[in-house]
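Note: the block below is my_file_2.cif and it holds mmCIF, N, CA and C atoms.
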```cif
data_upload
#
loop_
_atom_site.label_atom_id
_atom_site.label_comp_id
_atom_site.auth_asym_id
_atom_site.auth_seq_id
_atom_site.Cartn_x
_atom_site.Cartn_y
_atom_site.Cartn_z
N VAL U 1 -3.80 16.06 4.84
CA VAL U 1 -3.99 14.94 3.93
C VAL U 1 -4.71 13.82 4.68
N GLN U 2 -5.77 13.34 4.08
CA GLN U 2 -6.51 12.23 4.67
C GLN U 2 -6.49 11.05 3.71
N LEU U 3 -6.26 9.89 4.29
CA LEU U 3 -6.20 8.67 3.49
C LEU U 3 -7.19 7.66 4.06
N GLN U 4 -7.91 7.01 3.17
CA GLN U 4 -8.86 5.99 3.61
C GLN U 4 -8.70 4.76 2.73
N ALA U 5 -8.33 3.67 3.37
CA ALA U 5 -8.17 2.40 2.66
C ALA U 5 -9.43 1.58 2.79
N PHE U 6 -9.76 0.85 1.72
CA PHE U 6 -10.93 -0.02 1.77
C PHE U 6 -10.76 -1.13 0.74
N GLY U 7 -11.58 -2.17 0.91
CA GLY U 7 -11.53 -3.31 0.01
C GLY U 7 -12.08 -4.54 0.71
N ARG U 8 -12.50 -5.51 -0.10
CA ARG U 8 -13.01 -6.77 0.46
C ARG U 8 -11.92 -7.44 1.24
N GLY U 9 -12.18 -7.91 2.45
CA GLY U 9 -11.12 -8.31 3.36
C GLY U 9 -10.88 -9.78 3.54
N LEU U 10 -11.63 -10.67 2.88
CA LEU U 10 -11.50 -12.10 3.14
C LEU U 10 -11.27 -12.83 1.83
N ALA U 11 -10.27 -13.71 1.82
CA ALA U 11 -9.98 -14.50 0.64
C ALA U 11 -9.41 -15.84 1.06
N GLN U 12 -9.49 -16.81 0.16
CA GLN U 12 -8.86 -18.10 0.39
C GLN U 12 -7.44 -18.07 -0.17
N ALA U 13 -6.61 -18.94 0.34
CA ALA U 13 -5.24 -19.04 -0.18
C ALA U 13 -5.30 -19.31 -1.68
N GLY U 14 -4.46 -18.59 -2.40
CA GLY U 14 -4.45 -18.69 -3.85
C GLY U 14 -5.37 -17.71 -4.54
N GLY U 15 -6.19 -17.04 -3.77
CA GLY U 15 -7.13 -16.10 -4.34
C GLY U 15 -6.56 -14.71 -4.49
N SER U 16 -7.43 -13.76 -4.84
CA SER U 16 -7.02 -12.39 -5.11
C SER U 16 -7.92 -11.41 -4.37
N LEU U 17 -7.33 -10.27 -4.08
CA LEU U 17 -8.07 -9.14 -3.51
C LEU U 17 -7.47 -7.87 -4.07
N ARG U 18 -8.28 -6.83 -4.13
CA ARG U 18 -7.76 -5.52 -4.49
C ARG U 18 -8.14 -4.52 -3.40
N LEU U 19 -7.13 -3.85 -2.88
CA LEU U 19 -7.36 -2.78 -1.93
C LEU U 19 -7.27 -1.44 -2.64
N SER U 20 -8.07 -0.51 -2.16
CA SER U 20 -8.06 0.85 -2.70
C SER U 20 -7.77 1.82 -1.57
N CYS U 21 -7.22 2.95 -1.93
CA CYS U 21 -6.94 4.00 -0.96
C CYS U 21 -7.30 5.33 -1.60
N ALA U 22 -8.20 6.06 -0.97
CA ALA U 22 -8.62 7.36 -1.46
C ALA U 22 -7.92 8.46 -0.67
N ALA U 23 -7.36 9.43 -1.37
CA ALA U 23 -6.65 10.53 -0.73
C ALA U 23 -7.44 11.82 -0.92
N SER U 24 -7.39 12.68 0.08
CA SER U 24 -8.04 13.98 -0.01
C SER U 24 -7.26 15.00 0.80
N GLY U 25 -7.43 16.26 0.47
CA GLY U 25 -6.84 17.34 1.26
C GLY U 25 -5.42 17.70 0.93
N GLY U 26 -4.91 17.26 -0.16
CA GLY U 26 -3.54 17.61 -0.52
C GLY U 26 -3.34 17.53 -2.02
N THR U 27 -2.08 17.59 -2.44
CA THR U 27 -1.75 17.52 -3.86
C THR U 27 -1.25 16.11 -4.14
N PHE U 28 -2.17 15.23 -4.41
CA PHE U 28 -1.89 13.80 -4.49
C PHE U 28 -0.79 13.48 -5.49
N SER U 29 -0.81 14.15 -6.62
CA SER U 29 0.13 13.79 -7.69
C SER U 29 1.59 14.11 -7.34
N THR U 30 1.82 14.83 -6.25
CA THR U 30 3.19 15.13 -5.83
C THR U 30 3.70 14.17 -4.76
N TYR U 31 2.88 13.25 -4.32
CA TYR U 31 3.25 12.35 -3.23
C TYR U 31 3.70 10.99 -3.74
N GLY U 32 4.72 10.45 -3.10
CA GLY U 32 4.95 9.02 -3.23
C GLY U 32 3.93 8.31 -2.35
N MET U 33 3.48 7.16 -2.78
CA MET U 33 2.47 6.43 -2.00
C MET U 33 2.98 5.03 -1.70
N GLY U 34 2.60 4.56 -0.52
CA GLY U 34 3.04 3.22 -0.12
C GLY U 34 1.94 2.44 0.56
N TRP U 35 2.12 1.15 0.56
CA TRP U 35 1.28 0.24 1.33
C TRP U 35 2.17 -0.48 2.34
N PHE U 36 1.70 -0.54 3.57
CA PHE U 36 2.36 -1.26 4.64
C PHE U 36 1.35 -2.21 5.26
N ARG U 37 1.86 -3.19 5.99
CA ARG U 37 0.95 -4.11 6.67
C ARG U 37 1.51 -4.46 8.04
N GLN U 38 0.58 -4.81 8.92
CA GLN U 38 0.98 -5.21 10.28
C GLN U 38 0.16 -6.41 10.70
N ALA U 39 0.86 -7.51 10.90
CA ALA U 39 0.23 -8.73 11.39
C ALA U 39 0.24 -8.72 12.92
N PRO U 40 -0.65 -9.48 13.55
CA PRO U 40 -0.69 -9.50 15.02
C PRO U 40 0.67 -9.87 15.61
N GLY U 41 1.13 -9.05 16.54
CA GLY U 41 2.38 -9.32 17.23
C GLY U 41 3.63 -9.01 16.45
N LYS U 42 3.46 -8.39 15.29
CA LYS U 42 4.62 -8.09 14.44
C LYS U 42 4.73 -6.60 14.17
N GLU U 43 5.91 -6.19 13.71
CA GLU U 43 6.13 -4.80 13.33
C GLU U 43 5.41 -4.50 12.01
N ARG U 44 5.07 -3.23 11.84
CA ARG U 44 4.51 -2.80 10.56
C ARG U 44 5.62 -2.87 9.51
N GLU U 45 5.31 -3.47 8.38
CA GLU U 45 6.33 -3.67 7.36
C GLU U 45 5.89 -3.13 6.01
N PHE U 46 6.88 -2.74 5.23
CA PHE U 46 6.66 -2.24 3.87
C PHE U 46 6.16 -3.37 2.98
N VAL U 47 5.16 -3.05 2.16
CA VAL U 47 4.64 -4.01 1.19
C VAL U 47 5.01 -3.56 -0.23
N GLY U 48 4.66 -2.32 -0.55
CA GLY U 48 4.96 -1.80 -1.88
C GLY U 48 4.82 -0.29 -1.89
N GLY U 49 5.48 0.34 -2.85
CA GLY U 49 5.40 1.79 -2.98
C GLY U 49 5.46 2.17 -4.44
N ILE U 50 4.97 3.38 -4.73
CA ILE U 50 4.93 3.84 -6.11
C ILE U 50 5.29 5.31 -6.14
N ASN U 51 6.00 5.73 -7.19
CA ASN U 51 6.43 7.12 -7.24
C ASN U 51 5.30 8.02 -7.70
N ARG U 52 5.57 9.31 -7.81
CA ARG U 52 4.53 10.30 -8.06
C ARG U 52 3.78 10.06 -9.37
N SER U 53 4.51 9.71 -10.38
CA SER U 53 3.89 9.56 -11.71
C SER U 53 3.27 8.19 -11.91
N GLY U 54 3.66 7.24 -11.08
CA GLY U 54 3.20 5.87 -11.27
C GLY U 54 4.12 5.07 -12.16
N GLY U 55 5.23 5.65 -12.56
CA GLY U 55 6.12 4.98 -13.48
C GLY U 55 7.14 4.05 -12.84
N SER U 56 7.22 4.10 -11.51
CA SER U 56 8.20 3.27 -10.81
C SER U 56 7.59 2.73 -9.53
N ALA U 57 7.86 1.48 -9.24
CA ALA U 57 7.33 0.85 -8.03
C ALA U 57 8.39 -0.04 -7.40
N GLU U 58 8.26 -0.23 -6.10
CA GLU U 58 9.13 -1.13 -5.35
C GLU U 58 8.25 -2.06 -4.53
N TYR U 59 8.75 -3.28 -4.29
CA TYR U 59 7.98 -4.26 -3.54
C TYR U 59 8.87 -4.97 -2.53
N ALA U 60 8.26 -5.40 -1.45
CA ALA U 60 8.94 -6.28 -0.53
C ALA U 60 9.17 -7.62 -1.22
N ILE U 61 10.25 -8.28 -0.84
CA ILE U 61 10.58 -9.56 -1.46
C ILE U 61 9.45 -10.56 -1.27
N SER U 62 8.78 -10.49 -0.14
CA SER U 62 7.74 -11.46 0.20
C SER U 62 6.51 -11.37 -0.70
N VAL U 63 6.33 -10.23 -1.38
CA VAL U 63 5.14 -10.05 -2.22
C VAL U 63 5.48 -9.84 -3.68
N LYS U 64 6.75 -9.70 -4.00
CA LYS U 64 7.15 -9.41 -5.37
C LYS U 64 6.70 -10.51 -6.31
N GLY U 65 6.08 -10.11 -7.41
CA GLY U 65 5.55 -11.08 -8.36
C GLY U 65 4.12 -11.48 -8.08
N ARG U 66 3.62 -11.14 -6.89
CA ARG U 66 2.24 -11.47 -6.54
C ARG U 66 1.37 -10.21 -6.38
N PHE U 67 1.97 -9.15 -5.88
CA PHE U 67 1.24 -7.91 -5.63
C PHE U 67 1.65 -6.85 -6.65
N THR U 68 0.69 -5.98 -6.99
CA THR U 68 0.97 -4.88 -7.91
C THR U 68 0.33 -3.61 -7.36
N ILE U 69 1.13 -2.57 -7.27
CA ILE U 69 0.61 -1.27 -6.82
C ILE U 69 0.44 -0.37 -8.03
N SER U 70 -0.62 0.40 -8.04
CA SER U 70 -0.87 1.34 -9.13
C SER U 70 -1.56 2.56 -8.56
N ARG U 71 -1.63 3.62 -9.37
CA ARG U 71 -2.28 4.84 -8.89
C ARG U 71 -3.02 5.52 -10.03
N ASP U 72 -4.01 6.32 -9.65
CA ASP U 72 -4.79 7.12 -10.58
C ASP U 72 -4.76 8.55 -10.07
N ASN U 73 -3.87 9.36 -10.61
CA ASN U 73 -3.70 10.72 -10.10
C ASN U 73 -4.90 11.61 -10.41
N ALA U 74 -5.63 11.29 -11.44
CA ALA U 74 -6.81 12.09 -11.78
C ALA U 74 -7.90 11.97 -10.72
N ASN U 75 -7.93 10.81 -10.05
CA ASN U 75 -8.97 10.55 -9.06
C ASN U 75 -8.43 10.37 -7.64
N ASN U 76 -7.14 10.69 -7.45
CA ASN U 76 -6.52 10.64 -6.12
C ASN U 76 -6.67 9.26 -5.46
N MET U 77 -6.36 8.23 -6.24
CA MET U 77 -6.50 6.88 -5.75
C MET U 77 -5.20 6.10 -5.92
N VAL U 78 -4.96 5.18 -5.00
CA VAL U 78 -3.87 4.23 -5.14
C VAL U 78 -4.44 2.85 -4.83
N TYR U 79 -3.92 1.84 -5.55
CA TYR U 79 -4.47 0.50 -5.45
C TYR U 79 -3.38 -0.52 -5.13
N LEU U 80 -3.80 -1.60 -4.50
CA LEU U 80 -2.91 -2.73 -4.29
C LEU U 80 -3.64 -3.99 -4.75
N GLN U 81 -3.21 -4.52 -5.87
CA GLN U 81 -3.76 -5.78 -6.37
C GLN U 81 -2.95 -6.92 -5.79
N MET U 82 -3.62 -7.82 -5.09
CA MET U 82 -2.95 -8.91 -4.41
C MET U 82 -3.42 -10.23 -5.01
N ASN U 83 -2.51 -10.95 -5.63
CA ASN U 83 -2.81 -12.24 -6.23
C ASN U 83 -2.04 -13.35 -5.51
N SER U 84 -2.44 -14.57 -5.77
CA SER U 84 -1.78 -15.75 -5.17
C SER U 84 -1.59 -15.56 -3.67
N LEU U 85 -2.66 -15.15 -3.02
CA LEU U 85 -2.59 -14.84 -1.59
C LEU U 85 -2.22 -16.06 -0.76
N LYS U 86 -1.50 -15.78 0.32
CA LYS U 86 -1.07 -16.82 1.25
C LYS U 86 -1.59 -16.47 2.64
N PRO U 87 -1.77 -17.45 3.51
CA PRO U 87 -2.21 -17.15 4.87
C PRO U 87 -1.30 -16.14 5.57
N GLU U 88 -0.03 -16.15 5.26
CA GLU U 88 0.90 -15.21 5.90
C GLU U 88 0.73 -13.77 5.40
N ASP U 89 -0.13 -13.56 4.42
CA ASP U 89 -0.47 -12.19 4.00
C ASP U 89 -1.53 -11.57 4.89
N THR U 90 -2.08 -12.35 5.80
CA THR U 90 -3.08 -11.84 6.73
C THR U 90 -2.49 -10.74 7.59
N ALA U 91 -3.12 -9.57 7.57
CA ALA U 91 -2.61 -8.41 8.30
C ALA U 91 -3.59 -7.25 8.12
N VAL U 92 -3.36 -6.21 8.88
CA VAL U 92 -4.02 -4.93 8.63
C VAL U 92 -3.15 -4.15 7.64
N TYR U 93 -3.73 -3.74 6.55
CA TYR U 93 -3.01 -3.04 5.50
C TYR U 93 -3.31 -1.54 5.58
N HIS U 94 -2.23 -0.75 5.52
CA HIS U 94 -2.33 0.70 5.60
C HIS U 94 -1.75 1.33 4.34
N CYS U 95 -2.43 2.34 3.82
CA CYS U 95 -1.81 3.15 2.79
C CYS U 95 -1.17 4.37 3.47
N ALA U 96 -0.16 4.91 2.83
CA ALA U 96 0.58 6.01 3.43
C ALA U 96 1.13 6.92 2.34
N ALA U 97 1.33 8.20 2.70
CA ALA U 97 1.80 9.20 1.75
C ALA U 97 3.16 9.75 2.16
N ASP U 98 4.08 9.75 1.22
CA ASP U 98 5.38 10.41 1.38
C ASP U 98 5.27 11.75 0.68
N ILE U 99 5.13 12.83 1.45
CA ILE U 99 4.83 14.13 0.84
C ILE U 99 6.07 14.85 0.33
N ASN U 100 7.25 14.33 0.62
CA ASN U 100 8.49 14.91 0.10
C ASN U 100 9.36 13.83 -0.53
N PRO U 101 8.85 13.19 -1.56
CA PRO U 101 9.62 12.10 -2.14
C PRO U 101 10.87 12.59 -2.85
N LEU U 102 11.94 11.85 -2.74
CA LEU U 102 13.13 12.15 -3.52
C LEU U 102 12.84 11.81 -4.97
N TYR U 103 13.38 12.61 -5.87
CA TYR U 103 13.09 12.42 -7.29
C TYR U 103 13.50 11.02 -7.73
N GLY U 104 12.56 10.31 -8.30
CA GLY U 104 12.86 8.99 -8.86
C GLY U 104 13.02 7.88 -7.84
N VAL U 105 12.76 8.19 -6.57
CA VAL U 105 12.98 7.20 -5.52
C VAL U 105 11.66 6.82 -4.86
N VAL U 106 11.45 5.54 -4.69
CA VAL U 106 10.30 5.04 -3.94
C VAL U 106 10.82 4.59 -2.58
N SER U 107 10.38 5.26 -1.54
CA SER U 107 10.89 4.94 -0.21
C SER U 107 10.26 3.67 0.33
N THR U 108 11.08 2.85 0.96
CA THR U 108 10.59 1.64 1.62
C THR U 108 10.57 1.80 3.14
N MET U 109 10.97 2.99 3.60
CA MET U 109 11.11 3.19 5.04
C MET U 109 9.85 3.81 5.62
N ARG U 110 9.38 3.20 6.67
CA ARG U 110 8.16 3.67 7.33
C ARG U 110 8.27 5.12 7.77
N SER U 111 9.45 5.53 8.23
CA SER U 111 9.64 6.87 8.77
C SER U 111 9.54 7.96 7.70
N LYS U 112 9.63 7.58 6.44
CA LYS U 112 9.57 8.56 5.35
C LYS U 112 8.12 8.96 5.05
N TYR U 113 7.18 8.18 5.51
CA TYR U 113 5.78 8.42 5.18
C TYR U 113 5.12 9.23 6.30
N THR U 114 4.51 10.35 5.90
CA THR U 114 3.99 11.31 6.87
C THR U 114 2.54 11.05 7.25
N TYR U 115 1.74 10.70 6.26
CA TYR U 115 0.31 10.52 6.50
C TYR U 115 -0.08 9.06 6.28
N TRP U 116 -0.98 8.60 7.15
CA TRP U 116 -1.37 7.20 7.15
C TRP U 116 -2.89 7.07 7.16
N GLY U 117 -3.38 6.06 6.44
CA GLY U 117 -4.78 5.71 6.54
C GLY U 117 -5.01 4.82 7.75
N GLN U 118 -6.26 4.57 8.06
CA GLN U 118 -6.61 3.85 9.28
C GLN U 118 -6.37 2.36 9.18
N GLY U 119 -6.22 1.83 8.00
CA GLY U 119 -5.96 0.40 7.84
C GLY U 119 -7.21 -0.39 7.56
N THR U 120 -7.02 -1.45 6.79
CA THR U 120 -8.12 -2.37 6.50
C THR U 120 -7.61 -3.80 6.67
N LEU U 121 -8.41 -4.63 7.31
CA LEU U 121 -7.99 -5.98 7.64
C LEU U 121 -8.14 -6.91 6.43
N VAL U 122 -7.09 -7.64 6.13
CA VAL U 122 -7.11 -8.68 5.12
C VAL U 122 -6.86 -10.01 5.80
N THR U 123 -7.77 -10.94 5.58
CA THR U 123 -7.64 -12.28 6.17
C THR U 123 -7.61 -13.31 5.04
N VAL U 124 -6.57 -14.13 5.04
CA VAL U 124 -6.43 -15.17 4.03
C VAL U 124 -6.50 -16.52 4.73
N SER U 125 -7.49 -17.29 4.36
CA SER U 125 -7.69 -18.60 4.99
C SER U 125 -7.01 -19.69 4.16
N SER U 126 -6.55 -20.71 4.86
CA SER U 126 -5.84 -21.81 4.17
C SER U 126 -6.81 -22.88 3.71
#
```

Before we go any further, please render this structure as structure tokens.
Amino acid sequence: VQLQAFGRGLAQAGGSLRLSCAASGGTFSTYGMGWFRQAPGKEREFVGGINRSGGSAEYAISVKGRFTISRDNANNMVYLQMNSLKPEDTAVYHCAADINPLYGVVSTMRSKYTYWGQGTLVTVSS
């Protein structure tokens, strides 16, 4: 499974960005998908995740109400819409695949995700 994240990387505080992640080499519709981020000097943290069908999502408290994750199983894509951006959202964002998701569960744990994209830098200026 290969994952590639991309999207415009610079925004002002209060602005919006949308990240995309393209998956290839596997059965995308059977995977749970997640977005994680890592700021300089910090641990990689969960941002949001979505179940196989796209019917259920989970978010970190820090982004809930501002970020929305969605997926397009027909085109093997997952998206992260980021609104009301804050400078503290600045980080490298990674998409990741949970290839053995528990039924109805969106994992928030980094260790549950097997495949990772290379990451894309998001910078939010104040």

Mind listing the strand (DSSP E or B) residues of chain U, per DSSP on the backbone, as an MDAnalysis selection string? chainID U and resid 2:6 10:12 17:24 32:38 45:50 57:59 67:72 77:82 91:98 115:116 120:125

From the options U:Gly7, U:Gly119, U:Gly26, U:Gly49, which residue's atoms come nearest to U:Val105, counting only N, CA and C atoms?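 Of all the options, U:Gly49 lies closest to U:Val105.
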
Would you translate the PyMOL selection byres ((chain U and resi 83-100) around 6) into the concrete set of residues it matches in this file, as a ChimeraX atom specification? /U:5,12-17,30-40,66-67,81-82,101-102,112-126

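Pairwise distance (atom CA of U:Met77, atom CA of U:Lys42) equals 27.5 Å.
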
Neighbour list for U:Ala23 as a list in words, cut-off 8 Å, all atoms listed in the file, skip fewer than 3 positions in-chain: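 The residues that qualify are Val1, Gln2, Leu3, Gln4, Ala5, Ser20, Gly26, Phe28, Asn75, Asn76, Met77 and Val78 of chain U.
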
Kindly give the distance, in Å, that separates atom CA of U:Thr68 and atom CA of U:Ser111, rounded to a single decimal.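 The value is 22.2 Å.
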
Might you spell out which residues the PyMOL selection byres (((chain U and resi 59 and name CA) around 12) and name CA) would select in the displayed file, as a ChimeraX atom specification? /U:34-36,45-50,56-58,60-70,80,82,106-109

Closest of U:Gly9, U:Arg44, U:Gly25, U:Arg71 to U:Arg110 - atom-to-atom distances counting all atoms listed in the file: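 Among the listed residues, the smallest separation from U:Arg110 belongs to U:Arg44.
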
Can you tell me how far atom CA of U:Ala11 sits from atom CA of U:Asn73, in Å to one decimal? 28.1 Å

Where's the centre, and what are the edge lengths in Å to one decimal, of a box along x, y and z enclosing all listed atoms of stretch 86-105 of chain U padded 8 Å per side, as JSON?
```
{"center_x": 4.7, "center_y": -1.3, "center_z": 0.0, "size_x": 33.5, "size_y": 48.4, "size_z": 33.7}
```

Taking the backbone alone, and naming residues the way the document does, which bits of chain U are helix (DSSP H, G or I) by DSSP, as a ChimeraX atom specification? /U:28-30,87-89,110-112

With N, CA and C atoms retained, export the selected residues as a tab-separated table (two decimals), in the coordinates of the input.
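Below is the file again.tsv, written as the result:
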```
chain	number	residue	atom	x	y	z
U	28	PHE	N	-2.17	15.23	-4.41
U	28	PHE	CA	-1.89	13.80	-4.49
U	28	PHE	C	-0.79	13.48	-5.49
U	29	SER	N	-0.81	14.15	-6.62
U	29	SER	CA	0.13	13.79	-7.69
U	29	SER	C	1.59	14.11	-7.34
U	30	THR	N	1.82	14.83	-6.25
U	30	THR	CA	3.19	15.13	-5.83
U	30	THR	C	3.70	14.17	-4.76
U	87	PRO	N	-1.77	-17.45	3.51
U	87	PRO	CA	-2.21	-17.15	4.87
U	87	PRO	C	-1.30	-16.14	5.57
U	88	GLU	N	-0.03	-16.15	5.26
U	88	GLU	CA	0.90	-15.21	5.90
U	88	GLU	C	0.73	-13.77	5.40
U	89	ASP	N	-0.13	-13.56	4.42
U	89	ASP	CA	-0.47	-12.19	4.00
U	89	ASP	C	-1.53	-11.57	4.89
U	110	ARG	N	9.38	3.20	6.67
U	110	ARG	CA	8.16	3.67	7.33
U	110	ARG	C	8.27	5.12	7.77
U	111	SER	N	9.45	5.53	8.23
U	111	SER	CA	9.64	6.87	8.77
U	111	SER	C	9.54	7.96	7.70
U	112	LYS	N	9.63	7.58	6.44
U	112	LYS	CA	9.57	8.56	5.35
U	112	LYS	C	8.12	8.96	5.05
```
